[in-house]
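Enquirer: Provided herewith: run.pdb, PDB, C-alpha atoms, pLDDT in the B column.
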ATOM      1  CA  MET A   1     -13.193  21.350 -39.946  1.00 63.00           C
ATOM      2  CA  SER A   2     -16.829  20.529 -40.614  1.00 75.00           C
ATOM      3  CA  LYS A   3     -19.552  20.378 -37.976  1.00 79.00           C
ATOM      4  CA  PHE A   4     -19.620  16.620 -38.491  1.00 74.00           C
ATOM      5  CA  ASP A   5     -15.895  16.350 -37.742  1.00 74.00           C
ATOM      6  CA  GLN A   6     -16.308  18.549 -34.674  1.00 76.00           C
ATOM      7  CA  ALA A   7     -19.152  16.358 -33.405  1.00 81.00           C
ATOM      8  CA  ARG A   8     -17.078  13.225 -34.024  1.00 80.00           C
ATOM      9  CA  LEU A   9     -14.176  14.742 -32.122  1.00 79.00           C
ATOM     10  CA  LEU A  10     -16.457  15.657 -29.228  1.00 81.00           C
ATOM     11  CA  MET A  11     -17.749  12.071 -29.111  1.00 85.00           C
ATOM     12  CA  LYS A  12     -14.175  10.772 -29.013  1.00 84.00           C
ATOM     13  CA  ALA A  13     -13.341  13.177 -26.176  1.00 83.00           C
ATOM     14  CA  ARG A  14     -16.334  11.970 -24.158  1.00 87.00           C
ATOM     15  CA  LYS A  15     -15.378   8.347 -24.776  1.00 88.00           C
ATOM     16  CA  LEU A  16     -11.821   9.097 -23.650  1.00 88.00           C
ATOM     17  CA  GLN A  17     -13.117  10.755 -20.482  1.00 87.00           C
ATOM     18  CA  LYS A  18     -15.181   7.660 -19.642  1.00 90.00           C
ATOM     19  CA  GLU A  19     -12.156   5.439 -20.262  1.00 89.00           C
ATOM     20  CA  LEU A  20     -10.081   7.574 -17.897  1.00 90.00           C
ATOM     21  CA  GLN A  21     -12.818   7.349 -15.253  1.00 89.00           C
ATOM     22  CA  ARG A  22     -12.598   3.540 -15.395  1.00 93.00           C
ATOM     23  CA  GLU A  23      -8.789   3.357 -15.301  1.00 93.00           C
ATOM     24  CA  ILE A  24      -7.489   2.818 -11.769  1.00 96.00           C
ATOM     25  CA  ILE A  25      -3.820   3.262 -10.967  1.00 96.00           C
ATOM     26  CA  VAL A  26      -2.473   1.721  -7.767  1.00 97.00           C
ATOM     27  CA  VAL A  27       0.676   2.985  -6.072  1.00 98.00           C
ATOM     28  CA  GLU A  28       2.282   1.720  -2.879  1.00 97.00           C
ATOM     29  CA  ALA A  29       4.841   3.347  -0.599  1.00 97.00           C
ATOM     30  CA  GLY A  30       6.697   2.158   2.476  1.00 96.00           C
ATOM     31  CA  GLU A  31       6.887  -1.395   1.116  1.00 95.00           C
ATOM     32  CA  GLY A  32       3.096  -1.641   1.120  1.00 95.00           C
ATOM     33  CA  ALA A  33       2.416   0.369   4.259  1.00 97.00           C
ATOM     34  CA  VAL A  34       0.450   2.904   2.209  1.00 98.00           C
ATOM     35  CA  ARG A  35      -1.590   2.200  -0.904  1.00 98.00           C
ATOM     36  CA  VAL A  36      -3.232   4.868  -3.082  1.00 98.00           C
ATOM     37  CA  GLU A  37      -5.800   4.186  -5.801  1.00 98.00           C
ATOM     38  CA  ILE A  38      -6.438   7.000  -8.282  1.00 97.00           C
ATOM     39  CA  SER A  39      -8.506   7.220 -11.457  1.00 94.00           C
ATOM     40  CA  GLY A  40      -7.204   8.278 -14.840  1.00 91.00           C
ATOM     41  CA  GLU A  41      -9.024  11.542 -14.174  1.00 89.00           C
ATOM     42  CA  GLN A  42      -6.716  12.141 -11.207  1.00 92.00           C
ATOM     43  CA  LYS A  43      -9.415  11.581  -8.609  1.00 94.00           C
ATOM     44  CA  ILE A  44      -8.244   9.700  -5.550  1.00 96.00           C
ATOM     45  CA  LYS A  45     -10.500   6.712  -5.027  1.00 96.00           C
ATOM     46  CA  LYS A  46      -8.951   5.203  -1.918  1.00 97.00           C
ATOM     47  CA  ILE A  47      -6.025   5.491   0.469  1.00 97.00           C
ATOM     48  CA  SER A  48      -5.272   2.394   2.521  1.00 97.00           C
ATOM     49  CA  ILE A  49      -2.860   2.116   5.431  1.00 97.00           C
ATOM     50  CA  ASN A  50      -1.587  -1.247   6.654  1.00 97.00           C
ATOM     51  CA  PRO A  51      -1.543  -0.860  10.454  1.00 95.00           C
ATOM     52  CA  GLU A  52       0.851  -3.788  10.845  1.00 95.00           C
ATOM     53  CA  MET A  53       3.525  -1.840   8.978  1.00 94.00           C
ATOM     54  CA  ILE A  54       3.085   1.465  10.799  1.00 93.00           C
ATOM     55  CA  ASP A  55       5.159   2.628  13.749  1.00 92.00           C
ATOM     56  CA  THR A  56       2.774   4.912  15.621  1.00 90.00           C
ATOM     57  CA  SER A  57       5.720   6.596  17.301  1.00 94.00           C
ATOM     58  CA  ASP A  58       6.877   7.814  13.858  1.00 94.00           C
ATOM     59  CA  ILE A  59       3.850   9.508  12.324  1.00 95.00           C
ATOM     60  CA  GLY A  60       6.192  11.679  10.251  1.00 96.00           C
ATOM     61  CA  GLN A  61       7.275   8.604   8.291  1.00 96.00           C
ATOM     62  CA  LEU A  62       3.641   7.686   7.627  1.00 96.00           C
ATOM     63  CA  GLU A  63       2.968  11.218   6.384  1.00 97.00           C
ATOM     64  CA  ASN A  64       5.977  10.969   4.066  1.00 97.00           C
ATOM     65  CA  TRP A  65       4.768   7.666   2.642  1.00 97.00           C
ATOM     66  CA  ILE A  66       1.286   9.078   2.033  1.00 97.00           C
ATOM     67  CA  GLU A  67       2.718  12.154   0.325  1.00 97.00           C
ATOM     68  CA  GLU A  68       5.073  10.031  -1.772  1.00 98.00           C
ATOM     69  CA  ALA A  69       2.288   7.658  -2.855  1.00 98.00           C
ATOM     70  CA  VAL A  70      -0.136  10.464  -3.730  1.00 97.00           C
ATOM     71  CA  LYS A  71       2.476  12.364  -5.755  1.00 97.00           C
ATOM     72  CA  GLU A  72       3.455   9.233  -7.680  1.00 97.00           C
ATOM     73  CA  ALA A  73      -0.185   8.297  -8.282  1.00 97.00           C
ATOM     74  CA  ILE A  74      -0.971  11.762  -9.658  1.00 96.00           C
ATOM     75  CA  SER A  75       2.115  11.657 -11.876  1.00 96.00           C
ATOM     76  CA  LYS A  76       1.174   8.242 -13.283  1.00 96.00           C
ATOM     77  CA  SER A  77      -2.411   9.388 -13.807  1.00 95.00           C
ATOM     78  CA  GLN A  78      -1.244  12.475 -15.691  1.00 94.00           C
ATOM     79  CA  LYS A  79       1.035  10.357 -17.869  1.00 94.00           C
ATOM     80  CA  LEU A  80      -1.792   7.934 -18.654  1.00 92.00           C
ATOM     81  CA  ALA A  81      -4.145  10.788 -19.594  1.00 90.00           C
ATOM     82  CA  ALA A  82      -1.483  12.401 -21.800  1.00 89.00           C
ATOM     83  CA  GLU A  83      -0.822   9.100 -23.594  1.00 88.00           C
ATOM     84  CA  LYS A  84      -4.524   8.536 -24.240  1.00 84.00           C
ATOM     85  CA  MET A  85      -5.047  12.124 -25.411  1.00 82.00           C
ATOM     86  CA  GLN A  86      -2.042  12.190 -27.756  1.00 82.00           C
ATOM     87  CA  PRO A  87      -3.964  10.938 -30.811  1.00 75.00           C
ATOM     88  CA  MET A  88      -6.550  13.690 -30.343  1.00 72.00           C
ATOM     89  CA  MET A  89      -4.056  16.547 -30.105  1.00 69.00           C
ATOM     90  CA  GLY A  90      -3.676  16.883 -33.881  1.00 63.00           C
ATOM     91  CA  ALA A  91      -7.434  17.111 -34.345  1.00 57.00           C
ATOM     92  CA  LEU A  92      -7.703  19.703 -31.570  1.00 57.00           C
ATOM     93  CA  SER A  93      -5.068  21.855 -33.232  1.00 58.00           C
ATOM     94  CA  ASN A  94      -7.292  21.939 -36.319  1.00 57.00           C
ATOM     95  CA  LEU A  95      -9.949  23.555 -34.140  1.00 53.00           C
ATOM     96  CA  GLY A  96      -7.517  26.278 -33.104  1.00 52.00           C
ATOM     97  CA  MET A  97      -6.951  24.859 -29.604  1.00 48.00           C
TER      98      MET A  97
END
Can you dump the structure from the file as structure tokens?
Expert:
Amino acid sequence: MSKFDQARLLMKARKLQKELQREIIVVEAGEGAVRVEISGEQKIKKISINPEMIDTSDIGQLENWIEEAVKEAISKSQKLAAEKMQPMMGALSNLGM
């Protein structure tokens, strides 16, 4: 692979990273009691809790909903990143990666 091709690939990787930064995935748990927003880079942007849907005597349930929403958000973010990176994988293998 030529230096030009390597530079082009690097530019594509940077563009992909910026796209993933802008992608926001939203996941809800507990029928909307908990809402998690995560970027395509798997960085949590926001966790919202709807106080009207929370039973303060059952904090364990709230913790479960938060855990469930975060896990699902991370999974969806990973899937999105993998889908966007798929076209680049062949080019990366040419670099010995």
Enquirer: Could you list the residues chosen by the PyMOL selection byres ((chain A and resi 29) around 8) in this structure as a ChimeraX atom specification?
Expert: /A:27-28,30-35,65-66,68-69
Enquirer: Report, in Å with one decimal, the straight-line distance from CA of Ile47 (chain A) to CA of Gln21 (chain A).
Expert: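 If I compute the distance from CA of Ile47 (chain A) to CA of Gln21 (chain A), I get 17.2 Å.
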Enquirer: Please determine, counting all atoms listed in the file, which residue among A:Leu80, A:Pro51, A:Met11, A:Val36 has the shortest atom-to-atom distance to Glu67 (chain A).
Expert: A:Val36
Enquirer: May I have the protein, DNA and RNA residues with an atom at most 8 Å from (-2.8, 5.0, -9.9), counting all atoms listed in the file in the file's coordinates, returned as a PyMOL selection string?
Expert: chain A and resi 24-27+36-40+72-74+76-77
Enquirer: Skip Met85 (chain A) itself and residues of its chain fewer than 6 positions away, then list as a list of chain:residue names all residues within 12 Å of it, counting all atoms listed in the file.
Expert: A:Leu9, A:Lys12, A:Ala13, A:Arg14, A:Lys15, A:Leu16, A:Gln17, A:Glu19, A:Leu20, A:Gly40, A:Glu41, A:Gln78, A:Lys79, A:Ala91, A:Leu92
Enquirer: By how many Å are CA of Ser2 (chain A) and CA of Met88 (chain A) apart?
Expert: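 One can read the CA of Ser2 (chain A) to CA of Met88 (chain A) distance as 16.1 Å.
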Enquirer: CA of Glu83 (chain A) to CA of Arg22 (chain A): how many Å, to one decimal?
Expert: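 These atoms are spaced 15.4 Å apart.
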Enquirer: Tell me which of A:Ala7, A:Ala81, A:Glu23, A:Lys18 sits closest to Lys45 (chain A), counting only C-alpha atoms.
Expert: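 Among A:Ala7, A:Ala81, A:Glu23, A:Lys18, it is A:Glu23 that comes nearest to Lys45 (chain A).
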Enquirer: Give the padded box for region 70-81 of chain A as JSON: axis-aligned, covering all atoms listed in the file, 6 Å on each side, centre and edge lengths in Å to one decimal.
Expert:
{"center_x": -0.3, "center_y": 10.2, "center_z": -11.7, "size_x": 19.6, "size_y": 16.5, "size_z": 27.9}
